[in-house]
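To be precise, the following lines are structure.csv, and they hold CSV, C-alpha atoms.
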```
chain,number,residue,atom,x,y,z
Z,20,LEU,CA,-63.3,8.7,-31.1
Z,21,ILE,CA,-66.7,9.3,-32.8
Z,22,LEU,CA,-68.1,11.2,-29.9
Z,23,PHE,CA,-64.9,13.3,-29.7
Z,24,THR,CA,-65.3,14.2,-33.4
Z,25,VAL,CA,-69.0,15.1,-32.9
Z,26,ALA,CA,-68.1,17.2,-29.9
Z,27,MET,CA,-65.5,19.1,-31.9
Z,28,ALA,CA,-67.9,19.7,-34.7
Z,29,VAL,CA,-70.6,21.1,-32.3
Z,30,LEU,CA,-68.0,23.2,-30.4
Z,31,SER,CA,-66.9,24.8,-33.7
Z,32,VAL,CA,-70.3,26.4,-34.2
Z,33,VAL,CA,-71.5,26.9,-30.5
Z,34,GLY,CA,-69.9,29.9,-28.8
Z,35,MET,CA,-70.0,31.4,-25.3
Z,36,GLY,CA,-73.5,31.4,-23.8
Z,37,TRP,CA,-74.6,28.5,-26.1
Z,38,GLN,CA,-75.1,30.8,-29.0
Z,39,ILE,CA,-74.7,29.7,-32.6
Z,40,VAL,CA,-71.7,31.4,-34.1
Z,41,PRO,CA,-69.7,31.1,-37.4
Z,42,PRO,CA,-67.1,28.4,-37.3
Z,43,GLY,CA,-63.9,29.6,-35.7
Z,44,TYR,CA,-65.4,32.3,-33.6
Z,45,ASP,CA,-66.3,32.2,-29.9
Z,46,THR,CA,-69.0,34.9,-29.7
Z,47,PRO,CA,-71.4,36.5,-32.2
Z,48,THR,CA,-69.3,39.7,-31.9
Z,49,ARG,CA,-66.7,37.8,-34.0
Z,50,GLN,CA,-63.8,37.3,-31.6
Z,51,MET,CA,-61.7,34.8,-33.4
Z,52,ILE,CA,-60.7,31.6,-31.5
Z,53,HIS,CA,-56.9,31.7,-31.1
Z,54,GLY,CA,-55.2,29.5,-33.6
Z,55,GLN,CA,-52.9,28.0,-31.0
Z,56,LEU,CA,-55.9,26.6,-29.2
Z,57,LEU,CA,-57.0,24.9,-32.4
Z,58,LEU,CA,-53.6,23.4,-32.8
Z,59,GLY,CA,-53.7,22.1,-29.2
Z,60,ILE,CA,-57.1,20.6,-29.9
Z,61,ALA,CA,-55.7,18.9,-33.0
Z,62,LEU,CA,-52.8,17.4,-31.0
Z,63,THR,CA,-55.3,16.1,-28.4
Z,64,TYR,CA,-57.3,14.6,-31.1
Z,65,MET,CA,-54.2,12.8,-32.4
Z,66,ALA,CA,-53.5,11.4,-29.0
Z,67,VAL,CA,-57.1,10.0,-28.8
Z,68,VAL,CA,-56.6,8.4,-32.3
Z,69,VAL,CA,-53.4,6.7,-31.1
Z,70,PHE,CA,-55.0,5.6,-27.8
Z,71,SER,CA,-58.0,4.2,-29.7
Z,72,ALA,CA,-55.8,2.2,-32.0
Z,73,VAL,CA,-54.1,0.6,-29.0
Z,74,ALA,CA,-57.5,-0.2,-27.5
Z,75,VAL,CA,-58.8,-1.8,-30.7
Z,76,ALA,CA,-55.6,-3.8,-31.1
Z,77,ALA,CA,-55.7,-5.0,-27.5
Z,78,SER,CA,-59.3,-6.0,-27.8
Z,79,THR,CA,-58.7,-8.4,-30.6
Z,80,ARG,CA,-57.1,-10.9,-28.1
Z,81,LEU,CA,-58.0,-9.8,-24.6
Z,82,SER,CA,-61.1,-9.6,-22.5
Z,83,GLN,CA,-62.6,-6.3,-21.5
Z,84,VAL,CA,-60.9,-6.1,-18.2
Z,85,MET,CA,-57.5,-7.0,-19.6
Z,86,THR,CA,-58.0,-4.5,-22.4
Z,87,LEU,CA,-58.7,-1.8,-19.9
Z,88,MET,CA,-55.6,-2.8,-17.9
Z,89,VAL,CA,-53.5,-2.6,-21.1
Z,90,CYS,CA,-55.0,0.8,-22.0
Z,91,PHE,CA,-54.2,2.1,-18.5
Z,92,ALA,CA,-50.6,0.8,-18.7
Z,93,VAL,CA,-50.2,2.3,-22.1
Z,94,LEU,CA,-51.5,5.6,-20.8
Z,95,ALA,CA,-49.2,5.6,-17.8
Z,96,VAL,CA,-46.1,4.6,-19.7
Z,97,GLY,CA,-46.9,6.8,-22.7
Z,98,SER,CA,-47.5,9.8,-20.5
Z,99,ALA,CA,-44.2,9.3,-18.7
Z,100,HIS,CA,-42.3,8.1,-21.7
Z,101,PRO,CA,-39.3,10.5,-21.5
Z,102,ALA,CA,-38.9,9.9,-17.8
Z,103,VAL,CA,-39.2,6.1,-18.1
Z,104,PHE,CA,-36.9,5.5,-21.1
Z,105,ALA,CA,-34.6,8.5,-21.4
Z,106,CYS,CA,-32.8,8.0,-18.1
Z,107,TRP,CA,-31.9,4.4,-18.9
Z,108,SER,CA,-31.4,4.5,-22.6
Z,109,ASP,CA,-27.8,5.7,-22.3
Z,110,GLN,CA,-26.9,2.9,-19.9
Z,111,ALA,CA,-28.7,0.0,-21.6
Z,112,PRO,CA,-29.2,0.0,-25.4
Z,113,ILE,CA,-32.0,-2.5,-25.1
Z,114,VAL,CA,-34.1,0.1,-23.3
Z,115,ARG,CA,-33.8,2.4,-26.3
Z,116,LEU,CA,-35.2,-0.4,-28.5
Z,117,LEU,CA,-38.0,-1.1,-25.9
Z,118,GLY,CA,-38.8,2.7,-26.0
Z,119,TRP,CA,-40.1,2.3,-29.5
Z,120,ILE,CA,-42.9,-0.1,-28.5
Z,121,PRO,CA,-45.2,2.1,-26.3
Z,122,PRO,CA,-46.5,5.3,-27.8
Z,123,ASN,CA,-44.9,8.5,-26.7
Z,124,LEU,CA,-48.0,10.5,-25.8
Z,125,THR,CA,-46.0,13.5,-24.6
Z,126,PHE,CA,-45.8,14.5,-28.3
Z,127,PHE,CA,-49.4,15.4,-28.1
Z,128,TYR,CA,-49.4,17.4,-24.9
Z,129,ALA,CA,-49.7,21.1,-25.7
Z,130,ILE,CA,-50.7,22.4,-22.3
Z,131,ASP,CA,-47.3,24.0,-21.6
Z,132,ALA,CA,-47.4,26.0,-24.8
Z,133,LEU,CA,-51.0,27.0,-24.4
Z,134,GLN,CA,-50.5,28.2,-20.8
Z,135,ASN,CA,-47.4,30.3,-21.7
Z,136,GLU,CA,-48.4,33.0,-24.2
Z,137,LYS,CA,-44.8,33.5,-25.3
Z,138,VAL,CA,-44.5,29.9,-26.5
Z,139,THR,CA,-46.3,28.9,-29.6
Z,140,ILE,CA,-46.9,25.6,-31.2
Z,141,PRO,CA,-45.3,25.6,-34.7
Z,142,LEU,CA,-47.3,24.1,-37.5
Z,143,SER,CA,-44.3,22.0,-38.5
Z,144,TYR,CA,-44.5,20.3,-35.0
Z,145,VAL,CA,-48.2,19.5,-35.6
Z,146,GLY,CA,-47.2,18.0,-39.0
Z,147,LYS,CA,-44.6,15.8,-37.4
Z,148,ALA,CA,-47.0,14.8,-34.6
Z,149,LEU,CA,-49.6,14.0,-37.3
Z,150,ALA,CA,-47.1,11.8,-39.2
Z,151,TYR,CA,-46.3,10.0,-35.9
Z,152,CYS,CA,-50.0,9.6,-35.2
Z,153,VAL,CA,-50.7,8.1,-38.6
Z,154,LEU,CA,-47.7,5.8,-38.7
Z,155,TYR,CA,-48.0,4.5,-35.1
Z,156,SER,CA,-51.8,4.0,-35.4
Z,157,ALA,CA,-51.3,2.1,-38.7
Z,158,ALA,CA,-48.6,0.0,-37.2
Z,159,ILE,CA,-50.6,-0.9,-34.1
Z,160,LEU,CA,-53.7,-1.6,-36.1
Z,161,ALA,CA,-51.7,-3.9,-38.4
Z,162,VAL,CA,-50.6,-5.8,-35.3
Z,163,GLY,CA,-54.2,-6.0,-34.2
Z,164,VAL,CA,-55.2,-7.4,-37.6
Z,165,ALA,CA,-52.4,-9.9,-37.4
Z,166,LEU,CA,-53.5,-11.0,-33.9
Z,167,PHE,CA,-57.1,-11.3,-35.1
Z,168,GLN,CA,-56.3,-13.3,-38.2
Z,169,ASN,CA,-55.5,-16.5,-36.5
Z,170,ARG,CA,-58.0,-16.2,-33.6
Z,171,GLN,CA,-60.4,-19.1,-33.3
Z,172,LEU,CA,-63.9,-17.8,-33.2
Z,173,GLU,CA,-66.3,-20.2,-31.6
Z,174,ALA,CA,-70.0,-20.1,-30.9
Z,175,ARG,CA,-71.1,-21.2,-27.4
Z,176,THR,CA,-73.8,-23.4,-28.8
Z,177,GLY,CA,-74.6,-24.7,-32.2
Z,178,SER,CA,-77.8,-24.2,-34.2
Z,179,SER,CA,-79.5,-26.2,-36.8
Z,180,SER,CA,-78.1,-24.0,-39.6
Z,181,MET,CA,-74.6,-23.4,-38.1
Z,182,PRO,CA,-72.4,-25.8,-36.4
Z,183,GLY,CA,-70.9,-25.0,-32.9
Z,184,ALA,CA,-67.5,-23.9,-34.3
Z,185,VAL,CA,-67.7,-20.9,-36.6
```
Encoding of this model in structure tokens:
Amino acid sequence: LILFTVAMAVLSVVGMGWQIVPPGYDTPTRQMIHGQLLLGIALTYMAVVVFSAVAVAASTRLSQVMTLMVCFAVLAVGSAHPAVFACWSDQAPIVRLLGWIPPNLTFFYAIDALQNEKVTIPLSYVGKALAYCVLYSAAILAVGVALFQNRQLEARTGSSSMPGAV
């Protein structure tokens, strides 16, 4: 998340041919970067924030390998969220409730709108996606804090100043 933020800051002032340009332009001749591209970048950034929150929450209780497996599963289910949950939600109401647990990452995919010049990303949609990002990230981080609260931290060996169990 930190490296993505730094990369976005660098890309906002580095244009084509690695030339320094004013923020928001892609060449020194002042060709403005299309606003739809910036909205697509903002949506991608929100997806990274949600995914980072899931990774942090999972890492409070799981090992590195298990955290990676959880992250992969969340990415797979979140990317196919409508296909996984929409087809069964009418037949089984419990599936509709289970659909609220994994993040719906398709909210943050703007590639269709960016490829088709006739379709635009409305600013209201970005605002709704931002609200979803903030609320979901806060909820999953709260779960992570709750999981970490009652975790027993234990040192492998004791020292003269600190006993074995921390």
* **Interatomic distance (Å, one decimal) between CA of Ala105 in chain Z and CA of Phe126 in chain Z** => 14.5 Å
Can you tell me, as a PDB file with C-alpha atoms, in the frame of the given file, what residues are no more than 12 Å from Leu142 in chain Z when counting only C-alpha atoms, ignoring any on the same chain fewer than 5 positions away?
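And here is the file that came out, out.pdb:
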```pdb
ATOM      1  CA  GLY Z  54     -55.200  29.500 -33.600  1.00  0.00           C
ATOM      2  CA  GLN Z  55     -52.900  28.000 -31.000  1.00  0.00           C
ATOM      3  CA  LEU Z  57     -57.000  24.900 -32.400  1.00  0.00           C
ATOM      4  CA  LEU Z  58     -53.600  23.400 -32.800  1.00  0.00           C
ATOM      5  CA  GLY Z  59     -53.700  22.100 -29.200  1.00  0.00           C
ATOM      6  CA  ALA Z  61     -55.700  18.900 -33.000  1.00  0.00           C
ATOM      7  CA  LEU Z  62     -52.800  17.400 -31.000  1.00  0.00           C
ATOM      8  CA  LYS Z 147     -44.600  15.800 -37.400  1.00  0.00           C
ATOM      9  CA  ALA Z 148     -47.000  14.800 -34.600  1.00  0.00           C
ATOM     10  CA  LEU Z 149     -49.600  14.000 -37.300  1.00  0.00           C
TER      11      LEU Z 149
END
```
* Ile130 in chain Z: which residues within 10 Å, counting all atoms listed in the file, same-chain residues fewer than 3 positions away excluded, as a PyMOL selection string? -> chain Z and resi 56+59+63+127+133-135
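Between CA of Tyr64 in chain Z and CA of Met27 in chain Z the separation is 9.4 Å.
The smallest atom-to-atom distance between Ala66 in chain Z and any of Z:Gly97, Z:Val33, Z:Ala161, Z:Asn169, using all atoms listed in the file, is found for Z:Gly97.
The smallest atom-to-atom distance between Ala158 in chain Z and any of Z:Met35, Z:Val73, Z:Ile21, Z:Ala26, using only C-alpha atoms, is found for Z:Val73.
For the atom pair formed by CA of Ile159 in chain Z and CA of Ala76 in chain Z, the distance is 6.5 Å, given to one decimal.
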* To do: Using only C-alpha atoms, determine which residues lie at most 12 Å from Trp119 in chain Z, disregarding the query and same-chain residues fewer than 5 positions distant; provide the list as a list of chain:residue names.
  => Z:Val96, Z:Gly97, Z:His100, Z:Pro101, Z:Phe104, Z:Ala105, Z:Ser108, Z:Pro112, Z:Ile113, Z:Val114, Z:Leu124, Z:Tyr151, Z:Tyr155, Z:Ala158, Z:Ile159
* Residue neighbourhood Val32 in chain Z, 6 Å, all atoms listed in the file, exclusion window fewer than 3 positions, as a PyMOL selection string -> chain Z and resi 29+39-42
Print the selection's residues with C-alpha atoms to a file, as a PDB file, keeping the file's coordinate frame.
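The resulting file, selection-v9.pdb, is reproduced below:
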```pdb
ATOM      1  CA  VAL Z  29     -70.600  21.100 -32.300  1.00  0.00           C
ATOM      2  CA  ILE Z  39     -74.700  29.700 -32.600  1.00  0.00           C
ATOM      3  CA  VAL Z  40     -71.700  31.400 -34.100  1.00  0.00           C
ATOM      4  CA  PRO Z  41     -69.700  31.100 -37.400  1.00  0.00           C
ATOM      5  CA  PRO Z  42     -67.100  28.400 -37.300  1.00  0.00           C
TER       6      PRO Z  42
END
```
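Using only C-alpha atoms, the nearest neighbour of Ala129 in chain Z within the list Z:Val93, Z:Ser78, Z:Ile60, Z:His53 is Z:Ile60.
Considering only C-alpha atoms, the residue among Z:Thr139, Z:Val103, Z:Gln168, Z:Gly163 positioned nearest to Leu81 in chain Z is Z:Gly163.
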* Which residues come within 10 Å of Cys90 in chain Z, counting all atoms listed in the file, excluding same-chain residues fewer than 2 positions away, as a PyMOL selection string? -> chain Z and resi 70-71+73-75+77-78+84-88+92-96
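The smallest atom-to-atom distance between Thr24 in chain Z and any of Z:Arg115, Z:Cys152, Z:Met65, Z:Gln110, using only C-alpha atoms, is found for Z:Met65.
Distance annotation: of Z:Gly146, Z:Gly34, Z:Pro122, Z:Pro141, the residue with the minimal separation from Ser98 in chain Z is Z:Pro122; atom set is all atoms listed in the file.
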Any chance you could model N, CA, C and O atoms for range 112-130 of chain Z and send them as a PDB file, in the frame of the given file?
```
ATOM      1  N   PRO Z 112     -28.649  -0.185 -24.029  1.00  0.00           N
ATOM      2  CA  PRO Z 112     -29.200   0.000 -25.400  1.00  0.00           C
ATOM      3  C   PRO Z 112     -30.505  -0.694 -25.631  1.00  0.00           C
ATOM      4  O   PRO Z 112     -31.297  -0.252 -26.450  1.00  0.00           O
ATOM      5  N   ILE Z 113     -30.758  -1.775 -24.905  1.00  0.00           N
ATOM      6  CA  ILE Z 113     -32.000  -2.500 -25.100  1.00  0.00           C
ATOM      7  C   ILE Z 113     -33.207  -1.634 -24.679  1.00  0.00           C
ATOM      8  O   ILE Z 113     -34.297  -1.759 -25.239  1.00  0.00           O
ATOM      9  N   VAL Z 114     -32.985  -0.741 -23.717  1.00  0.00           N
ATOM     10  CA  VAL Z 114     -34.100   0.100 -23.300  1.00  0.00           C
ATOM     11  C   VAL Z 114     -34.451   1.104 -24.388  1.00  0.00           C
ATOM     12  O   VAL Z 114     -35.617   1.442 -24.558  1.00  0.00           O
ATOM     13  N   ARG Z 115     -33.475   1.529 -25.186  1.00  0.00           N
ATOM     14  CA  ARG Z 115     -33.800   2.400 -26.300  1.00  0.00           C
ATOM     15  C   ARG Z 115     -34.657   1.693 -27.329  1.00  0.00           C
ATOM     16  O   ARG Z 115     -35.584   2.267 -27.873  1.00  0.00           O
ATOM     17  N   LEU Z 116     -34.393   0.412 -27.548  1.00  0.00           N
ATOM     18  CA  LEU Z 116     -35.200  -0.400 -28.500  1.00  0.00           C
ATOM     19  C   LEU Z 116     -36.628  -0.587 -27.869  1.00  0.00           C
ATOM     20  O   LEU Z 116     -37.631  -0.525 -28.581  1.00  0.00           O
ATOM     21  N   LEU Z 117     -36.697  -0.866 -26.578  1.00  0.00           N
ATOM     22  CA  LEU Z 117     -38.000  -1.100 -25.900  1.00  0.00           C
ATOM     23  C   LEU Z 117     -38.807   0.231 -25.901  1.00  0.00           C
ATOM     24  O   LEU Z 117     -40.032   0.188 -25.828  1.00  0.00           O
ATOM     25  N   GLY Z 118     -38.140   1.366 -25.963  1.00  0.00           N
ATOM     26  CA  GLY Z 118     -38.800   2.700 -26.000  1.00  0.00           C
ATOM     27  C   GLY Z 118     -39.625   2.905 -27.236  1.00  0.00           C
ATOM     28  O   GLY Z 118     -40.479   3.790 -27.268  1.00  0.00           O
ATOM     29  N   TRP Z 119     -39.383   2.124 -28.282  1.00  0.00           N
ATOM     30  CA  TRP Z 119     -40.100   2.300 -29.500  1.00  0.00           C
ATOM     31  C   TRP Z 119     -41.480   1.576 -29.475  1.00  0.00           C
ATOM     32  O   TRP Z 119     -42.335   1.815 -30.311  1.00  0.00           O
ATOM     33  N   ILE Z 120     -41.690   0.682 -28.506  1.00  0.00           N
ATOM     34  CA  ILE Z 120     -42.900  -0.100 -28.500  1.00  0.00           C
ATOM     35  C   ILE Z 120     -44.123   0.718 -27.962  1.00  0.00           C
ATOM     36  O   ILE Z 120     -45.121   0.838 -28.663  1.00  0.00           O
ATOM     37  N   PRO Z 121     -44.071   1.305 -26.769  1.00  0.00           N
ATOM     38  CA  PRO Z 121     -45.200   2.100 -26.300  1.00  0.00           C
ATOM     39  C   PRO Z 121     -45.274   3.440 -27.015  1.00  0.00           C
ATOM     40  O   PRO Z 121     -44.231   3.987 -27.376  1.00  0.00           O
ATOM     41  N   PRO Z 122     -46.462   4.012 -27.202  1.00  0.00           N
ATOM     42  CA  PRO Z 122     -46.500   5.300 -27.800  1.00  0.00           C
ATOM     43  C   PRO Z 122     -46.001   6.416 -26.913  1.00  0.00           C
ATOM     44  O   PRO Z 122     -46.191   6.358 -25.700  1.00  0.00           O
ATOM     45  N   ASN Z 123     -45.348   7.388 -27.483  1.00  0.00           N
ATOM     46  CA  ASN Z 123     -44.900   8.500 -26.700  1.00  0.00           C
ATOM     47  C   ASN Z 123     -45.980   9.593 -26.765  1.00  0.00           C
ATOM     48  O   ASN Z 123     -46.038  10.412 -27.669  1.00  0.00           O
ATOM     49  N   LEU Z 124     -46.859   9.545 -25.789  1.00  0.00           N
ATOM     50  CA  LEU Z 124     -48.000  10.500 -25.800  1.00  0.00           C
ATOM     51  C   LEU Z 124     -47.629  11.880 -25.440  1.00  0.00           C
ATOM     52  O   LEU Z 124     -48.445  12.788 -25.631  1.00  0.00           O
ATOM     53  N   THR Z 125     -46.411  12.099 -24.964  1.00  0.00           N
ATOM     54  CA  THR Z 125     -46.000  13.500 -24.600  1.00  0.00           C
ATOM     55  C   THR Z 125     -45.860  14.327 -25.907  1.00  0.00           C
ATOM     56  O   THR Z 125     -45.834  15.547 -25.802  1.00  0.00           O
ATOM     57  N   PHE Z 126     -45.770  13.714 -27.075  1.00  0.00           N
ATOM     58  CA  PHE Z 126     -45.800  14.500 -28.300  1.00  0.00           C
ATOM     59  C   PHE Z 126     -47.036  15.283 -28.499  1.00  0.00           C
ATOM     60  O   PHE Z 126     -47.046  16.294 -29.178  1.00  0.00           O
ATOM     61  N   PHE Z 127     -48.105  14.805 -27.899  1.00  0.00           N
ATOM     62  CA  PHE Z 127     -49.400  15.400 -28.100  1.00  0.00           C
ATOM     63  C   PHE Z 127     -49.862  16.326 -27.013  1.00  0.00           C
ATOM     64  O   PHE Z 127     -50.972  16.827 -27.049  1.00  0.00           O
ATOM     65  N   TYR Z 128     -49.021  16.553 -26.003  1.00  0.00           N
ATOM     66  CA  TYR Z 128     -49.400  17.400 -24.900  1.00  0.00           C
ATOM     67  C   TYR Z 128     -48.984  18.853 -25.191  1.00  0.00           C
ATOM     68  O   TYR Z 128     -47.805  19.165 -25.235  1.00  0.00           O
ATOM     69  N   ALA Z 129     -49.944  19.712 -25.352  1.00  0.00           N
ATOM     70  CA  ALA Z 129     -49.700  21.100 -25.700  1.00  0.00           C
ATOM     71  C   ALA Z 129     -49.986  22.067 -24.597  1.00  0.00           C
ATOM     72  O   ALA Z 129     -49.987  23.270 -24.803  1.00  0.00           O
ATOM     73  N   ILE Z 130     -50.241  21.564 -23.404  1.00  0.00           N
ATOM     74  CA  ILE Z 130     -50.700  22.400 -22.300  1.00  0.00           C
ATOM     75  C   ILE Z 130     -49.628  23.453 -21.930  1.00  0.00           C
ATOM     76  O   ILE Z 130     -49.955  24.600 -21.609  1.00  0.00           O
TER      77      ILE Z 130
END
```
